[in-house]
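Quick look at structure35.cif (mmCIF, C-alpha atoms):
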```
data_work
#
loop_
_atom_site.label_atom_id
_atom_site.label_comp_id
_atom_site.auth_asym_id
_atom_site.auth_seq_id
_atom_site.Cartn_x
_atom_site.Cartn_y
_atom_site.Cartn_z
CA MET A 1465 4.24 -5.25 -17.42
CA ILE A 1466 7.14 -3.64 -15.60
CA ALA A 1467 9.99 -2.28 -17.68
CA ALA A 1468 13.49 -3.73 -17.68
CA THR A 1469 15.25 -2.50 -14.55
CA LEU A 1470 18.89 -3.12 -13.67
CA LEU A 1471 19.28 -3.09 -9.91
CA GLU A 1472 21.59 -0.58 -8.28
CA PRO A 1473 24.09 -1.85 -5.66
CA ARG A 1474 22.65 -1.31 -2.17
CA THR A 1475 24.89 -2.61 0.58
CA ARG A 1476 22.19 -2.97 3.23
CA VAL A 1477 19.50 -4.48 1.01
CA SER A 1478 19.85 -7.91 -0.59
CA THR A 1479 19.25 -8.45 -4.28
CA ALA A 1480 16.26 -10.66 -3.47
CA ALA A 1481 14.75 -7.92 -1.29
CA GLN A 1482 15.17 -5.36 -4.08
CA VAL A 1483 13.50 -7.64 -6.63
CA CYS A 1484 10.71 -8.34 -4.16
CA GLU A 1485 10.21 -4.62 -3.50
CA ILE A 1486 9.92 -3.77 -7.21
CA LEU A 1487 7.58 -6.67 -7.98
CA ARG A 1488 5.47 -5.91 -4.91
CA GLU A 1489 4.94 -2.33 -6.05
CA ALA A 1490 4.11 -3.50 -9.59
CA ILE A 1491 1.48 -5.89 -8.22
CA ILE A 1492 -0.03 -3.35 -5.84
CA THR A 1493 -0.26 -0.68 -8.56
CA HIS A 1494 -1.61 -3.27 -11.05
CA ALA A 1495 1.26 -2.84 -13.47
CA LEU A 1496 1.17 -6.62 -12.98
CA PRO A 1497 -2.58 -7.39 -12.84
CA PRO A 1498 -4.11 -10.52 -11.30
CA GLU A 1499 -3.38 -13.81 -13.09
CA THR A 1500 -0.22 -12.44 -14.73
CA ARG A 1501 2.25 -15.28 -15.09
CA LEU A 1502 5.73 -14.49 -13.73
CA SER A 1503 8.67 -16.28 -15.30
CA GLU A 1504 11.69 -16.83 -13.10
CA ILE A 1505 14.03 -16.77 -16.10
CA GLU A 1506 12.47 -13.68 -17.72
CA THR A 1507 12.40 -11.80 -14.42
CA ALA A 1508 16.06 -12.60 -13.78
CA GLN A 1509 16.97 -11.34 -17.26
CA ARG A 1510 14.90 -8.19 -16.81
CA PHE A 1511 16.74 -7.26 -13.61
CA GLY A 1512 20.14 -8.53 -14.70
CA VAL A 1513 20.43 -10.98 -11.80
CA SER A 1514 20.68 -14.73 -11.29
CA ARG A 1515 17.60 -16.89 -10.78
CA GLN A 1516 18.25 -17.47 -7.05
CA PRO A 1517 17.28 -13.98 -5.79
CA VAL A 1518 14.23 -14.05 -8.07
CA ARG A 1519 13.21 -17.39 -6.58
CA GLU A 1520 13.63 -15.93 -3.08
CA ALA A 1521 11.56 -12.87 -4.08
CA PHE A 1522 8.76 -15.11 -5.37
CA ILE A 1523 8.75 -17.00 -2.05
CA ALA A 1524 8.50 -13.72 -0.11
CA LEU A 1525 5.68 -12.48 -2.33
CA ALA A 1526 3.85 -15.77 -1.89
CA ALA A 1527 4.09 -15.35 1.89
CA GLN A 1528 2.39 -11.94 1.47
CA GLY A 1529 -0.38 -13.50 -0.61
CA LEU A 1530 0.61 -11.59 -3.75
CA VAL A 1531 1.68 -14.51 -5.91
CA ASP A 1532 0.60 -18.12 -6.12
CA VAL A 1533 3.12 -20.83 -7.03
CA ARG A 1534 1.16 -23.50 -8.88
CA ALA A 1535 2.79 -26.89 -9.33
CA GLN A 1536 3.67 -27.70 -12.94
CA ARG A 1537 2.09 -24.42 -14.08
CA GLY A 1538 4.22 -21.57 -12.79
CA THR A 1539 3.94 -18.48 -10.59
CA PHE A 1540 0.95 -16.18 -10.99
CA VAL A 1541 -0.14 -12.87 -9.49
CA THR A 1542 -3.05 -13.62 -7.17
CA ARG A 1543 -6.47 -12.08 -7.31
CA ILE A 1544 -7.34 -9.75 -4.44
CA SER A 1545 -8.50 -11.59 -1.34
CA LEU A 1546 -11.50 -9.89 0.23
CA ASP A 1547 -10.87 -11.62 3.55
CA ALA A 1548 -7.30 -10.30 3.60
CA VAL A 1549 -8.52 -6.80 2.74
CA MET A 1550 -11.03 -6.78 5.60
CA ASP A 1551 -8.58 -8.23 8.12
CA ALA A 1552 -5.94 -5.64 7.19
CA ARG A 1553 -8.43 -2.79 7.44
CA PHE A 1554 -9.54 -4.00 10.88
CA VAL A 1555 -5.98 -4.22 12.22
CA ARG A 1556 -4.88 -0.98 10.58
CA GLU A 1557 -7.81 0.98 12.00
CA ALA A 1558 -7.18 -0.34 15.50
CA VAL A 1559 -3.46 0.52 15.36
CA GLU A 1560 -3.83 3.94 13.75
CA ALA A 1561 -6.69 4.96 16.03
CA ASP A 1562 -4.38 4.53 19.01
CA ILE A 1563 -1.54 6.29 17.17
CA VAL A 1564 -3.54 9.45 16.46
CA LYS A 1565 -4.93 9.52 19.99
CA LEU A 1566 -1.37 9.55 21.31
CA LEU A 1567 -0.46 12.37 18.94
CA ALA A 1568 -3.52 14.47 19.81
CA ALA A 1569 -2.95 13.98 23.53
CA ASP A 1570 0.41 15.79 23.23
CA PRO A 1571 0.62 17.70 19.91
CA ASP A 1572 4.16 18.22 18.61
CA PRO A 1573 4.50 21.51 16.66
CA ALA A 1574 7.34 20.11 14.51
CA LEU A 1575 5.28 17.07 13.56
CA ILE A 1576 2.24 19.23 12.77
CA ALA A 1577 4.40 21.43 10.52
CA ASP A 1578 5.72 18.36 8.71
CA LEU A 1579 2.20 16.98 8.20
CA GLN A 1580 0.93 20.32 6.94
CA ASP A 1581 3.79 20.49 4.44
CA GLN A 1582 2.81 17.03 3.26
CA LEU A 1583 -0.79 18.17 2.83
CA THR A 1584 0.40 21.00 0.60
CA ARG A 1585 2.34 18.55 -1.57
CA GLN A 1586 -0.61 16.16 -1.66
CA ALA A 1587 -2.88 18.91 -2.95
CA GLN A 1588 -0.50 19.37 -5.88
CA LEU A 1589 -1.13 15.73 -6.87
CA THR A 1590 -4.86 16.25 -7.48
CA GLY A 1591 -5.69 14.78 -10.86
CA SER A 1592 -2.35 12.97 -11.09
CA ALA A 1593 -1.77 9.27 -11.50
CA ALA A 1594 -2.91 7.18 -8.54
CA PRO A 1595 0.52 5.67 -7.69
CA LYS A 1596 1.98 9.11 -6.92
CA PHE A 1597 -0.74 9.85 -4.40
CA ILE A 1598 -0.49 6.36 -2.90
CA GLN A 1599 3.21 6.99 -2.21
CA ALA A 1600 2.40 10.36 -0.61
CA ASP A 1601 -0.35 8.75 1.45
CA GLU A 1602 2.03 6.03 2.62
CA THR A 1603 4.52 8.68 3.74
CA PHE A 1604 1.77 10.56 5.59
CA HIS A 1605 0.63 7.54 7.59
CA ARG A 1606 4.18 6.40 8.30
CA THR A 1607 4.96 9.89 9.62
CA LEU A 1608 2.01 9.61 12.02
CA ALA A 1609 3.29 6.29 13.35
CA GLU A 1610 6.88 7.46 13.69
CA GLY A 1611 5.71 10.68 15.36
CA ALA A 1612 3.98 8.60 18.01
CA GLY A 1613 7.04 6.40 18.48
CA LYS A 1614 5.23 3.43 16.90
CA ALA A 1615 7.40 2.73 13.86
CA SER A 1616 7.52 -0.97 14.75
CA ALA A 1617 3.74 -1.17 14.90
CA TRP A 1618 3.55 0.49 11.49
CA ARG A 1619 5.90 -2.13 10.03
CA VAL A 1620 3.52 -4.82 11.28
CA VAL A 1621 0.64 -3.05 9.52
CA VAL A 1622 2.65 -2.69 6.30
CA ALA A 1623 3.46 -6.40 6.31
CA MET A 1624 -0.20 -7.39 6.20
CA LYS A 1625 -1.87 -4.64 4.17
CA ALA A 1626 -0.71 -5.50 0.64
CA GLN A 1627 -4.16 -6.64 -0.48
CA MET A 1628 -5.73 -3.53 1.03
CA ASP A 1629 -3.22 -1.38 -0.86
CA ARG A 1630 -4.26 -3.01 -4.14
CA VAL A 1631 -7.83 -1.93 -3.48
CA ARG A 1632 -6.71 1.57 -2.48
CA VAL A 1633 -5.01 1.98 -5.86
CA LEU A 1634 -8.21 0.95 -7.65
CA SER A 1635 -10.21 3.26 -5.37
CA SER A 1636 -8.03 6.27 -6.16
CA GLN A 1637 -8.56 5.55 -9.86
CA HIS A 1638 -12.34 5.62 -9.37
CA PHE A 1639 -12.86 8.34 -6.79
CA PRO A 1640 -11.49 11.89 -6.40
CA ILE A 1641 -8.21 12.13 -4.51
CA ASP A 1642 -9.53 15.42 -3.08
CA ARG A 1643 -11.78 13.44 -0.74
CA LEU A 1644 -8.83 11.65 0.83
CA ILE A 1645 -6.81 14.85 1.16
CA ASP A 1646 -9.75 16.54 2.91
CA GLN A 1647 -9.83 13.63 5.35
CA HIS A 1648 -6.10 14.05 5.97
CA ARG A 1649 -6.65 17.77 6.64
CA ALA A 1650 -9.40 17.02 9.17
CA LEU A 1651 -7.13 14.54 10.93
CA VAL A 1652 -4.18 16.95 11.14
CA ALA A 1653 -6.48 19.74 12.39
CA ALA A 1654 -7.80 17.52 15.18
CA ILE A 1655 -4.28 16.48 16.23
CA ALA A 1656 -3.08 20.08 16.19
CA ALA A 1657 -6.06 21.13 18.33
CA GLY A 1658 -5.40 18.39 20.88
CA ASP A 1659 -8.81 16.89 20.07
CA VAL A 1660 -8.28 13.23 20.95
CA ALA A 1661 -11.85 12.13 20.18
CA GLY A 1662 -11.87 14.14 16.96
CA ALA A 1663 -8.59 12.63 15.79
CA GLU A 1664 -9.84 9.12 16.45
CA ALA A 1665 -13.11 9.82 14.60
CA ALA A 1666 -11.19 11.32 11.67
CA ILE A 1667 -8.86 8.34 11.20
CA ARG A 1668 -11.72 5.85 11.50
CA THR A 1669 -13.75 7.72 8.88
CA HIS A 1670 -10.70 7.83 6.63
CA LEU A 1671 -9.92 4.12 6.87
CA GLN A 1672 -13.53 2.97 6.69
CA GLY A 1673 -13.97 4.61 3.29
CA ILE A 1674 -12.82 1.41 1.66
CA LEU A 1675 -15.97 -0.33 2.96
CA ALA A 1676 -18.15 1.94 0.81
CA ASP A 1677 -15.82 1.86 -2.20
CA LEU A 1678 -15.27 -1.90 -2.33
CA PRO A 1679 -18.65 -2.99 -3.79
CA ILE A 1680 -18.32 -0.45 -6.61
CA ILE A 1681 -14.77 -1.50 -7.41
CA ARG A 1682 -15.68 -5.20 -7.36
CA GLN A 1683 -18.53 -4.58 -9.76
CA ASP A 1684 -16.21 -2.73 -12.14
CA ARG A 1685 -13.31 -5.20 -11.87
CA PRO A 1686 -14.79 -8.59 -10.94
CA ASP A 1687 -11.83 -10.42 -12.51
CA TYR A 1688 -9.47 -8.77 -10.00
CA PHE A 1689 -11.08 -10.43 -6.95
CA THR A 1690 -11.41 -13.91 -5.56
#
```

Using structure tokens, write down the structure that the file contains.
Amino acid sequence: MIAATLLEPRTRVSTAAQVCEILREAIITHALPPETRLSEIETAQRFGVSRQPVREAFIALAAQGLVDVRAQRGTFVTRISLDAVMDARFVREAVEADIVKLLAADPDPALIADLQDQLTRQAQLTGSAAPKFIQADETFHRTLAEGAGKASAWRVVVAMKAQMDRVRVLSSQHFPIDRLIDQHRALVAAIAAGDVAGAEAAIRTHLQGILADLPIIRQDRPDYFT
């Protein structure tokens, strides 16, 4: 369960959006595992807010497939939808394959330096808790999209990949983070070398890893999946 968290005033972000953001992260990292019942009253008390923004946050999370509002029963964290995972992986691979091809076609030294710095910081997370690496990985992929001038496309991917992210957290708990960092290194090397085909192959290999991991994770956590 997430700890009590009083929200800080943020002029450009609504209270409902802040509550949604915190609950979304808790669901994705499994601090709130599948079938956890969410109380509107208790959540409002935990965050020190009224029930209205909590209700709005629940509606937003339901739209993302992360909670299920059941009549006369309450709001529950959903199990992971395999169909949603596979759809998100398909879309994400298509978008990011084009992104890295654009980057490799015209390598930007400043972007390469930024990515290499991120790789150094990622290597320092080896053996650490999965959520820390997931955050670093998110930054890495967002940097790729922004570097290619495709920040809007990345926001579309983010909007639909919540179920995939839940699996990625479980995967990083089961498998060495080193493997993912090595894949990041191969991708950055291909971009830096202007190797368009190599960059595309590297990102596809990276994002298809979930296909091999998924059966193992499902076997270990069958209660987490639909």

*Of the residues A:Leu1634, A:Ile1674, A:Ile1544, A:Ala1666, which is the one nearest to A:Pro1498, using only C-alpha atoms?*
A:Ile1544

Evaluate the PyMOL selection byres ((chain A and resi 1556) around 9) against this structure - the residues, as a short mmCIF file (atom, residue, chain, number, x, y, z; two decimals) with C-alpha atoms, in the frame of the given file, please.
```
data_model
loop_
_atom_site.label_atom_id
_atom_site.label_comp_id
_atom_site.auth_asym_id
_atom_site.auth_seq_id
_atom_site.Cartn_x
_atom_site.Cartn_y
_atom_site.Cartn_z
CA ASP A 1551 -8.58 -8.23 8.12
CA ALA A 1552 -5.94 -5.64 7.19
CA ARG A 1553 -8.43 -2.79 7.44
CA PHE A 1554 -9.54 -4.00 10.88
CA VAL A 1555 -5.98 -4.22 12.22
CA GLU A 1557 -7.81 0.98 12.00
CA ALA A 1558 -7.18 -0.34 15.50
CA VAL A 1559 -3.46 0.52 15.36
CA GLU A 1560 -3.83 3.94 13.75
CA ALA A 1561 -6.69 4.96 16.03
CA TRP A 1618 3.55 0.49 11.49
CA VAL A 1621 0.64 -3.05 9.52
CA VAL A 1622 2.65 -2.69 6.30
CA LYS A 1625 -1.87 -4.64 4.17
CA LEU A 1671 -9.92 4.12 6.87
#
```

Could you list, as a PDB file with C-alpha atoms, in the frame of the given file, every residue within 9 Å of A:Thr1507, counting only C-alpha atoms and ignoring same-chain residues fewer than 6 positions away?
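Result file is selection_33.pdb:
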```pdb
ATOM      1  CA  ALA A1468      13.490  -3.730 -17.680  1.00  0.00           C
ATOM      2  CA  VAL A1483      13.500  -7.640  -6.630  1.00  0.00           C
ATOM      3  CA  VAL A1513      20.430 -10.980 -11.800  1.00  0.00           C
ATOM      4  CA  ARG A1515      17.600 -16.890 -10.780  1.00  0.00           C
ATOM      5  CA  VAL A1518      14.230 -14.050  -8.070  1.00  0.00           C
TER       6      VAL A1518
END
```

*For A:Ser1636, please output as JSON, numbers by chain all residues within 9 Å (counting only C-alpha atoms; exclusion window: fewer than 2 positions along the same chain).*
{"A": [1593, 1594, 1595, 1597, 1598, 1631, 1632, 1633, 1634, 1638, 1639, 1640, 1641, 1644]}

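Among the candidates A:Arg1501, A:Arg1488, A:Lys1614, A:His1648, the residue lying nearest to A:Leu1567 is A:Lys1614 (atoms considered: only C-alpha atoms).
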
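In this model, the gap between atom CA of A:Arg1519 and atom CA of A:Thr1539 comes to 10.2 Å.
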
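When all atoms listed in the file are used to measure the gap to A:Glu1489, the shortest distance among A:Leu1525, A:Leu1502, A:Ala1577, A:Ala1548 belongs to A:Leu1525.
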
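Omitting A:Leu1566 and its sequence neighbours fewer than 4 positions away, and counting all atoms listed in the file, the residues within 8 Å are Asp1562, Asp1570, Ala1612 and Val1660 of chain A.
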
Could you rebuild stretch 1609-1620 of chain A with all heavy atoms and give me the result as a PDB file, in the coordinates of the input?
```
ATOM      1  N   ALA A1609       2.821   7.376  12.481  1.00  0.00           N
ATOM      2  CA  ALA A1609       3.290   6.290  13.350  1.00  0.00           C
ATOM      3  C   ALA A1609       4.633   6.617  13.976  1.00  0.00           C
ATOM      4  O   ALA A1609       4.841   6.430  15.180  1.00  0.00           O
ATOM      5  CB  ALA A1609       3.381   4.993  12.542  1.00  0.00           C
ATOM      6  N   GLU A1610       5.550   7.121  13.164  1.00  0.00           N
ATOM      7  CA  GLU A1610       6.880   7.460  13.690  1.00  0.00           C
ATOM      8  C   GLU A1610       6.791   8.608  14.686  1.00  0.00           C
ATOM      9  O   GLU A1610       7.516   8.626  15.685  1.00  0.00           O
ATOM     10  CB  GLU A1610       7.810   7.813  12.524  1.00  0.00           C
ATOM     11  CG  GLU A1610       8.144   6.612  11.639  1.00  0.00           C
ATOM     12  CD  GLU A1610       8.964   6.991  10.416  1.00  0.00           C
ATOM     13  OE1 GLU A1610       9.093   8.210  10.141  1.00  0.00           O
ATOM     14  OE2 GLU A1610       9.477   6.078   9.748  1.00  0.00           O
ATOM     15  N   GLY A1611       5.890   9.557  14.440  1.00  0.00           N
ATOM     16  CA  GLY A1611       5.710  10.680  15.360  1.00  0.00           C
ATOM     17  C   GLY A1611       5.228  10.244  16.725  1.00  0.00           C
ATOM     18  O   GLY A1611       5.519  10.882  17.748  1.00  0.00           O
ATOM     19  N   ALA A1612       4.482   9.138  16.744  1.00  0.00           N
ATOM     20  CA  ALA A1612       3.980   8.600  18.010  1.00  0.00           C
ATOM     21  C   ALA A1612       4.941   7.586  18.622  1.00  0.00           C
ATOM     22  O   ALA A1612       4.641   6.992  19.670  1.00  0.00           O
ATOM     23  CB  ALA A1612       2.613   7.945  17.794  1.00  0.00           C
ATOM     24  N   GLY A1613       6.086   7.386  17.977  1.00  0.00           N
ATOM     25  CA  GLY A1613       7.040   6.400  18.480  1.00  0.00           C
ATOM     26  C   GLY A1613       6.596   4.975  18.240  1.00  0.00           C
ATOM     27  O   GLY A1613       6.997   4.063  18.968  1.00  0.00           O
ATOM     28  N   LYS A1614       5.788   4.762  17.192  1.00  0.00           N
ATOM     29  CA  LYS A1614       5.230   3.430  16.900  1.00  0.00           C
ATOM     30  C   LYS A1614       5.648   2.928  15.530  1.00  0.00           C
ATOM     31  O   LYS A1614       4.852   2.319  14.806  1.00  0.00           O
ATOM     32  CB  LYS A1614       3.702   3.478  17.019  1.00  0.00           C
ATOM     33  CG  LYS A1614       3.186   3.866  18.390  1.00  0.00           C
ATOM     34  CD  LYS A1614       3.635   2.892  19.472  1.00  0.00           C
ATOM     35  CE  LYS A1614       3.140   3.300  20.851  1.00  0.00           C
ATOM     36  NZ  LYS A1614       3.663   2.393  21.911  1.00  0.00           N
ATOM     37  N   ALA A1615       6.912   3.177  15.162  1.00  0.00           N
ATOM     38  CA  ALA A1615       7.400   2.730  13.860  1.00  0.00           C
ATOM     39  C   ALA A1615       7.324   1.211  13.718  1.00  0.00           C
ATOM     40  O   ALA A1615       7.016   0.696  12.637  1.00  0.00           O
ATOM     41  CB  ALA A1615       8.842   3.199  13.650  1.00  0.00           C
ATOM     42  N   SER A1616       7.583   0.493  14.801  1.00  0.00           N
ATOM     43  CA  SER A1616       7.520  -0.970  14.750  1.00  0.00           C
ATOM     44  C   SER A1616       6.109  -1.455  14.499  1.00  0.00           C
ATOM     45  O   SER A1616       5.882  -2.408  13.728  1.00  0.00           O
ATOM     46  CB  SER A1616       8.065  -1.575  16.046  1.00  0.00           C
ATOM     47  OG  SER A1616       9.434  -1.285  16.205  1.00  0.00           O
ATOM     48  N   ALA A1617       5.141  -0.803  15.122  1.00  0.00           N
ATOM     49  CA  ALA A1617       3.740  -1.170  14.900  1.00  0.00           C
ATOM     50  C   ALA A1617       3.346  -0.914  13.455  1.00  0.00           C
ATOM     51  O   ALA A1617       2.607  -1.695  12.846  1.00  0.00           O
ATOM     52  CB  ALA A1617       2.835  -0.384  15.853  1.00  0.00           C
ATOM     53  N   TRP A1618       3.866   0.177  12.892  1.00  0.00           N
ATOM     54  CA  TRP A1618       3.550   0.490  11.490  1.00  0.00           C
ATOM     55  C   TRP A1618       4.126  -0.571  10.562  1.00  0.00           C
ATOM     56  O   TRP A1618       3.490  -0.963   9.579  1.00  0.00           O
ATOM     57  CB  TRP A1618       4.093   1.869  11.125  1.00  0.00           C
ATOM     58  CG  TRP A1618       3.878   2.215   9.680  1.00  0.00           C
ATOM     59  CD1 TRP A1618       4.814   2.378   8.718  1.00  0.00           C
ATOM     60  CD2 TRP A1618       2.606   2.433   9.035  1.00  0.00           C
ATOM     61  NE1 TRP A1618       4.229   2.682   7.510  1.00  0.00           N
ATOM     62  CE2 TRP A1618       2.876   2.720   7.681  1.00  0.00           C
ATOM     63  CE3 TRP A1618       1.281   2.412   9.478  1.00  0.00           C
ATOM     64  CZ2 TRP A1618       1.859   2.975   6.752  1.00  0.00           C
ATOM     65  CZ3 TRP A1618       0.279   2.666   8.553  1.00  0.00           C
ATOM     66  CH2 TRP A1618       0.561   2.947   7.215  1.00  0.00           C
ATOM     67  N   ARG A1619       5.321  -1.084  10.872  1.00  0.00           N
ATOM     68  CA  ARG A1619       5.900  -2.130  10.030  1.00  0.00           C
ATOM     69  C   ARG A1619       5.052  -3.395  10.065  1.00  0.00           C
ATOM     70  O   ARG A1619       4.944  -4.105   9.061  1.00  0.00           O
ATOM     71  CB  ARG A1619       7.340  -2.430  10.488  1.00  0.00           C
ATOM     72  CG  ARG A1619       8.338  -1.341  10.090  1.00  0.00           C
ATOM     73  CD  ARG A1619       9.775  -1.805  10.259  1.00  0.00           C
ATOM     74  NE  ARG A1619      10.150  -1.940  11.653  1.00  0.00           N
ATOM     75  CZ  ARG A1619      10.645  -0.956  12.389  1.00  0.00           C
ATOM     76  NH1 ARG A1619      10.820   0.240  11.866  1.00  0.00           N
ATOM     77  NH2 ARG A1619      10.989  -1.163  13.642  1.00  0.00           N
ATOM     78  N   VAL A1620       4.428  -3.679  11.195  1.00  0.00           N
ATOM     79  CA  VAL A1620       3.520  -4.820  11.280  1.00  0.00           C
ATOM     80  C   VAL A1620       2.314  -4.599  10.359  1.00  0.00           C
ATOM     81  O   VAL A1620       1.875  -5.498   9.644  1.00  0.00           O
ATOM     82  CB  VAL A1620       3.050  -5.039  12.738  1.00  0.00           C
ATOM     83  CG1 VAL A1620       1.944  -6.086  12.793  1.00  0.00           C
ATOM     84  CG2 VAL A1620       4.225  -5.453  13.615  1.00  0.00           C
TER      85      VAL A1620
END
```
